[in-house]
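Just below is one structure, and these are the notes that go with it.
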Amino acid sequence: MKFVFDPVQSAHNPGNFLSSGVRKPNPETPARADMLLEAGRASGFEIEAPDDYGLAPAAAIHSPEYLRFLQSIHARWREIPGASDEVIPNVHPNGRPHGTSAGYPASAVGQAGYHMADTACPISESTWTSVKASMNTAVHATRQVRAGARAAYALCRPPGHHAFADMAGGFCYLNNSAIAAQDLRRDHDRVVVLDVDLHHGNGTQGIFYRRDDVLTISIHADPQNFYPFFWGHGNERGAGAGVGYNLNFPLALGSGNKPFLAALDSACEAIAAFAPGAMVVALGLDAHESDPFAGLAVTTAGFGEIGHEIGGLALPSVIVQEGGYANPALGANLVSFLEGFGRSSP
């Protein structure tokens, strides 16, 4: 299996985020990618750097207005007297009409609030460079699969599944999993995105919510008491043509291997009924029992079982790294998943 990584991603090194009103060190750091890279290299995976695919893959998912914002906002923000080093919004519109430019502000402060869902996605001078490298990593793995590879793994950071078509959030800027799925659609009539991150993939859900060509499934900690709170509930099934093409499996906080695998059984049944030509796995390793976010309690061996069952679907698969934060088991969790997935290869 190809293991794709671009060291340029390490330039993005956010300083802080707010948690329960307290300013804390941001956990989405280059160190987490270093740990995953080291584990992959030690396990014998072939590491490959991505090519540069330009903006077209991102533009297939994200609005031009949003892409301009990501590229230009830091320079504009720093022109504000006394502004912080990183762009962090302090005002948000409530219920703004997505997909329109109604009420679109001209100021950098207003646009930050418009395009950033929370304070967990600060933008520094280096953020856009790393975000684009993260996207290139996902696209490169996707092109490997489109060229005939059984599967490819994209070590993407910053991650992407909380990013909507025109809004960042939860450490995410460009939605790498959605970009990979849209790229796979060039070869396949139907594609599935299976998200196994601790947190609900709300951005991915939002992007495909009205579509019936991309099935979106997320297994995650119950958002009634966990981020992202406003999305990820079991009754969110899609809209318009997409009704029935979005499935959420919220799990009680603290759930371990057994309930996670039970939800995965149901997810795999739904995938088989959809009969997709290819799959994107939004791989979060933060469901582990020792992850700092402490929402679920999947074990390292459990990730191997998860990988084995997903691999058993025998679909061409792009595995896109989402969450999973610094802890001693992080690298082992990745290797367990990838080896489990590989054991199912036809």
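Ligands are numbered from 1 in the order shown, chains are lettered A, B, ... in the order of the structure tokens, and residues start at 1 in each chain.
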
Counting only C-alpha atoms, what are the residues of range 114-138 of chain A within 12 Å of range 226-244 of chain A, and for each of them which pair of atoms is the nearest and at what distance in Å, to one decimal? Sort the table by chain and rising number, as a tab-separated table.
```
residue	atom	partner	partner_atom	distance
A:Ala117	CA	A:Pro228	CA	10.1
A:Asp118	CA	A:Pro228	CA	10.0
A:Ala120	CA	A:Tyr227	CA	11.4
```

The selected residues should be written to file as a PDB file, in the first residue's frame (atoms: N, CA and C atoms).
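Done, and the output landed in again.pdb:
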```
ATOM      1  N   ALA A 117     -16.099  28.201  11.720  1.00  0.00           N
ATOM      2  CA  ALA A 117     -17.191  27.787  12.591  1.00  0.00           C
ATOM      3  C   ALA A 117     -16.875  27.937  14.066  1.00  0.00           C
ATOM      4  N   ASP A 118     -15.586  27.900  14.419  1.00  0.00           N
ATOM      5  CA  ASP A 118     -15.204  27.915  15.827  1.00  0.00           C
ATOM      6  C   ASP A 118     -13.789  28.468  15.957  1.00  0.00           C
ATOM      7  N   ALA A 120     -11.136  26.711  16.835  1.00  0.00           N
ATOM      8  CA  ALA A 120     -10.170  25.609  16.800  1.00  0.00           C
ATOM      9  C   ALA A 120      -9.439  25.493  15.465  1.00  0.00           C
TER      10      ALA A 120
END
```

Apply DSSP to the backbone of this structure and, from range 61-282 of chain A, keep only the residues in strand (DSSP E or B); write these as JSON, numbers by chain.
{"A": [87, 116, 123, 151, 152, 153, 154, 164, 167, 168, 169, 172, 191, 192, 193, 194, 195, 214, 215, 216, 217, 218, 219, 220, 221, 246, 247, 248, 249, 250, 251, 256, 278, 279, 280, 281, 282]}

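Relative to CA of Asp286 in chain A, CA of Ile47 in chain A is found at 22.8 Å.
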
List every residue of range 47-241 of chain A that DSSP, applied to the backbone of this structure, places in alpha helix (DSSP H), and write the result as JSON, numbers by chain.
{"A": [56, 57, 58, 59, 64, 65, 66, 67, 68, 69, 70, 71, 72, 73, 74, 75, 76, 77, 108, 109, 110, 111, 112, 113, 114, 115, 127, 128, 129, 130, 131, 132, 133, 134, 135, 136, 137, 138, 139, 140, 141, 142, 143, 144, 145, 146, 176, 177, 178, 179, 180, 181, 182, 183, 184, 202, 203, 204, 205, 206, 207, 208]}

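Using only C-alpha atoms, the nearest neighbour of Arg78 in chain A within the list A:Glu125, A:Glu38, A:Glu289, A:Asp183 is A:Glu125.
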
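When only C-alpha atoms are used to compute distances to Ile271 in chain A, the closest of the residues A:Leu247, A:Ala178, A:Val192, A:Ala106 turns out to be A:Val192.
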
Contacts of range 301-307 of chain A within 6 Å, only C-alpha atoms, excl. fewer than 3 positions in-chain, as a count of residues only
8
